[in-house]
Amino acid sequence: MGDFVAAIALALQTNELWKGVGVSVIFIALWSPIVLLAGHAGLIVDRFETRMVAITAALFQCVVAAALAFLSGSITATLALAVLLGVGAAIGQSAEFALVPLLAGPRSLGRANGLVESARSLGFAVGPLVGGALAASVGTRWAMLADSASFLMIAAALASLTVRRRVSRAATAKFRARDGLTMLFSERMLGVAMATGAVTLVFMSATIPADFVYTTDVLDKSSLALGLVITVWASAMIVASILLAPRVPAHGVALGALLAASAQGFAKFLAPFWMVFPFMCVCYLFGGLSHGVKNTLFRTLIHQRIAPERHGQAFAAYNGLRNGAELIALAAGGFLVAAIGAAGTLWLAGGAAGVVGLAGAVLLSTRGAGQTAAARANAS
């Protein structure tokens with residue numbers, strides 16, 4: 001929630017200074033360190049005691065957010081500190097995800113990831129509303145102080161944990177910065193899932209500017225209606241993360257993730273075929289359900305297929321891959337809306353995400369069926 005409070009407040013402020021490009025600039029400043037430093041962030045998480053790394057990252061972000069509260073009047077200082085906030089996120093998020101299996105203990109890993117994803121979705125649902133309200137009522141300074149306080153709370157929560165995650169020095173001596181990304185594509189199942197997920201995410205993120213324009217301009221609805229659409233999507237993510245994703249069997253996690261990615265894209269593709277607001281809400285309800293399942297299953301897949309001592313590198317690389325896709329889409333989405341309109345963007349980008357996700361699922365299941373048939377033939 002704190003991340004979105006800060007992002008919305010800073011985006012509103014920079015957009016006042018740089019009309020049209022301010023929002024993109026601030027998100028690039030926040031997200032680019034997660035992409036560029038993914039390898040090194042993963043090494044830090046795996047080479048040092050992970051809980052302490054997460055606490056240090058949270059305290060670092062607490063200080064940076066507080067500095068932003070008092071220096072946000074300068075665009076140069078704002079962008080520099082936003083980059084530092086992104087550096088803390090690159091390390092902190094990877095460390096937190098690496099701790100999940102230890103915190104889950106004997107409980108289902110899928111259910112644990114579902115709980116984590118539902119909490120993140122709740123922050124996504126509430127954060128923009130709180131950030132916008134604080135920025136409008138008391139200004140950016142108080143929004144950034146709220147973000148700083150959230151990191152202090154995170155550090156306190158992490159300090160209360162009893163688990164410790166340490167990887168032997170002998171093992172980490174062989175780790176390299178590029179290993180995280182290499183691991184995500186080290187085997188066919190994981191590689192197909194990650195590549196498909198990254199491409200679908202580019203298309204899905206490109207539809208975000210279209211959501212705003214389609215709701216307010218094409219359907220001629222208010223900003224309140226736009227907020228309702230976002231809330232419907234985020235609420236569905238929470239429900240799916242808790243109730244649906246944990247029900248997917250362990251052997252079907254990769255295929256389930258790709259089918260969910262496909263369904264998410266087709267949900268946006270279908271919305272403009274009947275240009276009425278209630279139909280859009282229904283489509284986005286199913287899109288949010290698919291999104292919650294997809295996010296949970298992708299993280300569970302990494303926990304399943306990557307050795308525990310490499311989870312820091314794997315999740316740093318995964319976060320870098322995700323944010324890299326979103327940075328690409330940040331520019332493409334605005335261009336598409338300007339070129340073919342909001343409805344056209346939802347049709348093109350949403351449909352493309354659906355097709356790519358379905359193609360990845362078919363590729364994965366076809367190869368799996370072929371391997372099963374070959375094993376049966378050898379056995380006979």
# chains A, B, ... in the order shown; residues from 1 in each chain; ligands from 1

$ residues_around --residues "segment 256-264 of chain A" --least-positions-apart "3" --cutoff "9 Å" --atoms "only C-alpha atoms" --output "PyMOL selection string"
chain A and resi 193+196-197+200-201+204+245+248+252-253+267-269+284+286-298+301+350-361

$ write_last_selection --atoms "N, CA and C atoms" --output "short mmCIF file (atom, residue, chain, number, x, y, z; two decimals), in the first residue's frame"
data_model
loop_
_atom_site.label_atom_id
_atom_site.label_comp_id
_atom_site.auth_asym_id
_atom_site.auth_seq_id
_atom_site.Cartn_x
_atom_site.Cartn_y
_atom_site.Cartn_z
N ALA A 193 7.16 -21.03 -19.56
CA ALA A 193 6.28 -20.27 -18.69
C ALA A 193 6.75 -18.83 -18.53
N THR A 196 6.53 -16.84 -21.95
CA THR A 196 5.13 -16.54 -22.25
C THR A 196 4.58 -15.49 -21.30
N GLY A 197 4.89 -15.64 -20.01
CA GLY A 197 4.42 -14.68 -19.02
C GLY A 197 4.93 -13.27 -19.29
N THR A 200 3.06 -11.81 -22.43
CA THR A 200 1.67 -11.46 -22.11
C THR A 200 1.63 -10.22 -21.21
N LEU A 201 2.62 -10.08 -20.33
CA LEU A 201 2.64 -8.92 -19.45
C LEU A 201 2.87 -7.63 -20.22
N MET A 204 -0.53 -6.87 -21.62
CA MET A 204 -1.48 -6.51 -20.58
C MET A 204 -1.19 -5.12 -20.02
N ALA A 245 -6.26 -20.17 -6.60
CA ALA A 245 -4.88 -20.59 -6.92
C ALA A 245 -4.39 -21.76 -6.07
N VAL A 248 -5.00 -25.42 -7.35
CA VAL A 248 -4.32 -25.98 -8.52
C VAL A 248 -3.30 -27.00 -8.05
N GLY A 252 0.28 -29.14 -12.01
CA GLY A 252 -0.39 -28.31 -13.02
C GLY A 252 -0.14 -26.83 -12.85
N VAL A 253 0.85 -26.45 -12.03
CA VAL A 253 1.07 -25.03 -11.72
C VAL A 253 1.48 -24.24 -12.97
N ALA A 267 -10.21 -11.37 -21.22
CA ALA A 267 -11.20 -10.59 -20.46
C ALA A 267 -11.22 -9.14 -20.93
N LYS A 268 -10.04 -8.58 -21.19
CA LYS A 268 -9.99 -7.20 -21.70
C LYS A 268 -10.37 -7.14 -23.17
N PHE A 269 -10.04 -8.19 -23.90
CA PHE A 269 -10.40 -8.25 -25.32
C PHE A 269 -11.92 -8.22 -25.52
N TYR A 284 -13.96 -7.42 -16.32
CA TYR A 284 -12.81 -7.12 -15.47
C TYR A 284 -12.85 -7.93 -14.17
N PHE A 286 -13.66 -11.14 -14.17
CA PHE A 286 -12.99 -12.37 -14.59
C PHE A 286 -11.51 -12.12 -14.86
N GLY A 287 -11.18 -10.93 -15.38
CA GLY A 287 -9.78 -10.59 -15.59
C GLY A 287 -9.01 -10.54 -14.28
N GLY A 288 -9.61 -9.95 -13.25
CA GLY A 288 -8.95 -9.89 -11.95
C GLY A 288 -8.79 -11.26 -11.32
N LEU A 289 -9.80 -12.13 -11.45
CA LEU A 289 -9.68 -13.50 -10.95
C LEU A 289 -8.51 -14.21 -11.62
N SER A 290 -8.41 -14.07 -12.94
CA SER A 290 -7.31 -14.71 -13.69
C SER A 290 -5.96 -14.13 -13.27
N HIS A 291 -5.92 -12.82 -13.07
CA HIS A 291 -4.67 -12.15 -12.68
C HIS A 291 -4.18 -12.67 -11.32
N GLY A 292 -5.09 -12.81 -10.36
CA GLY A 292 -4.71 -13.32 -9.04
C GLY A 292 -4.18 -14.74 -9.10
N VAL A 293 -4.83 -15.59 -9.90
CA VAL A 293 -4.36 -16.97 -10.07
C VAL A 293 -2.99 -16.98 -10.73
N LYS A 294 -2.84 -16.19 -11.79
CA LYS A 294 -1.57 -16.15 -12.53
C LYS A 294 -0.41 -15.74 -11.64
N ASN A 295 -0.54 -14.63 -10.93
CA ASN A 295 0.56 -14.15 -10.09
C ASN A 295 0.96 -15.16 -9.02
N THR A 296 -0.03 -15.76 -8.39
CA THR A 296 0.25 -16.74 -7.34
C THR A 296 0.97 -17.96 -7.90
N LEU A 297 0.49 -18.46 -9.04
CA LEU A 297 1.08 -19.68 -9.60
C LEU A 297 2.48 -19.45 -10.14
N PHE A 298 2.76 -18.28 -10.70
CA PHE A 298 4.11 -18.02 -11.18
C PHE A 298 5.12 -18.04 -10.03
N LEU A 301 5.57 -21.58 -8.87
CA LEU A 301 6.39 -22.32 -9.83
C LEU A 301 7.88 -22.10 -9.58
N GLY A 350 -5.17 -6.77 -25.59
CA GLY A 350 -5.81 -7.81 -24.79
C GLY A 350 -5.91 -9.12 -25.55
N GLY A 351 -6.31 -9.05 -26.82
CA GLY A 351 -6.39 -10.26 -27.64
C GLY A 351 -5.04 -10.91 -27.84
N ALA A 352 -4.00 -10.08 -28.06
CA ALA A 352 -2.65 -10.62 -28.25
C ALA A 352 -2.17 -11.34 -26.98
N ALA A 353 -2.45 -10.75 -25.82
CA ALA A 353 -2.07 -11.41 -24.56
C ALA A 353 -2.78 -12.75 -24.42
N GLY A 354 -4.07 -12.78 -24.78
CA GLY A 354 -4.83 -14.03 -24.70
C GLY A 354 -4.28 -15.11 -25.63
N VAL A 355 -3.94 -14.72 -26.84
CA VAL A 355 -3.43 -15.68 -27.83
C VAL A 355 -2.05 -16.19 -27.42
N VAL A 356 -1.17 -15.29 -26.96
CA VAL A 356 0.17 -15.70 -26.56
C VAL A 356 0.10 -16.65 -25.36
N GLY A 357 -0.74 -16.32 -24.38
CA GLY A 357 -0.89 -17.20 -23.22
C GLY A 357 -1.40 -18.57 -23.61
N LEU A 358 -2.38 -18.61 -24.51
CA LEU A 358 -2.94 -19.88 -24.97
C LEU A 358 -1.91 -20.67 -25.76
N ALA A 359 -1.12 -19.98 -26.60
CA ALA A 359 -0.08 -20.66 -27.37
C ALA A 359 0.97 -21.29 -26.45
N GLY A 360 1.36 -20.56 -25.40
CA GLY A 360 2.31 -21.10 -24.44
C GLY A 360 1.76 -22.32 -23.73
N ALA A 361 0.47 -22.27 -23.37
CA ALA A 361 -0.16 -23.41 -22.69
C ALA A 361 -0.21 -24.63 -23.61
#

$ select_by_dssp --residues "segment 67-315 of chain A" --states "helix (DSSP H, G or I)" --output "count of residues only"
210

$ residues_around --residues "Pro128 of chain A" --least-positions-apart "6" --cutoff "8 Å" --atoms "only C-alpha atoms" --output "VMD selection string"
chain A and resid 1 4 to 5 8

$ write_last_selection --atoms "C-alpha atoms" --output "short mmCIF file (atom, residue, chain, number, x, y, z; two decimals), in the first residue's frame"
data_model
loop_
_atom_site.label_atom_id
_atom_site.label_comp_id
_atom_site.auth_asym_id
_atom_site.auth_seq_id
_atom_site.Cartn_x
_atom_site.Cartn_y
_atom_site.Cartn_z
CA MET A 1 0.00 0.00 0.00
CA PHE A 4 1.23 2.88 -4.31
CA VAL A 5 0.66 5.84 -1.96
CA ILE A 8 0.50 8.07 -7.06
#

$ closest_atom_pairs --of "segment 16-81 of chain A" --to "segment 148-154 of chain A" --cutoff "12 Å" --atoms "only C-alpha atoms" --output "tab-separated table"
residue	atom	partner	partner_atom	distance
A:Arg51	CA	A:Ile154	CA	11.5
A:Ala54	CA	A:Ile154	CA	9.0
A:Ile55	CA	A:Ile154	CA	7.7
A:Thr56	CA	A:Phe151	CA	10.3
A:Ala57	CA	A:Phe151	CA	8.9
A:Ala58	CA	A:Phe151	CA	5.2
A:Leu59	CA	A:Leu152	CA	6.3
A:Phe60	CA	A:Phe151	CA	8.6
A:Gln61	CA	A:Phe151	CA	6.5
A:Cys62	CA	A:Ser148	CA	4.3
A:Val63	CA	A:Ser148	CA	6.8
A:Val64	CA	A:Ser148	CA	7.7
A:Ala65	CA	A:Ser148	CA	5.0
A:Ala66	CA	A:Ser148	CA	5.5
A:Ala67	CA	A:Ser148	CA	9.0
A:Leu68	CA	A:Ser148	CA	9.2
A:Ala69	CA	A:Ser148	CA	8.8
A:Phe70	CA	A:Ser148	CA	11.9

$ residues_around --residues "Pro278 of chain A" --least-positions-apart "2" --cutoff "12 Å" --atoms "only C-alpha atoms" --output "list in words"
Thr215, Leu219, Lys221, Ala225, Leu228, Val229, Val232, Ala271, Pro272, Trp274, Met275, Val276, Met280, Cys281, Val282, Cys283, Tyr284 and Leu285 of chain A

$ atom_distance --atom1 "atom CA of Gly320 of chain A" --atom2 "atom CA of Ala119 of chain A"
20.9 Å

$ residues_around --residues "Gly333 of chain A" --least-positions-apart "4" --cutoff "10 Å" --atoms "only C-alpha atoms" --output "MDAnalysis selection string"
chainID A and resid 202:210 326 328:329 337:339 342 345:346 349

$ atom_distance --atom1 "atom CA of Gly191 of chain A" --atom2 "atom CA of Arg178 of chain A"
15.4 Å

$ closest_residue --among "A:Leu270, A:Leu190, A:Val167, A:Met237" --to "Phe48 of chain A" --atoms "only C-alpha atoms"
A:Val167

$ residues_around --residues "Thr76 of chain A" --least-positions-apart "6" --cutoff "12 Å" --atoms "only C-alpha atoms" --output "list in words"
Thr14, Leu17, Val25, Ile26, Ala29, Leu68, Ala82 and Val83 of chain A
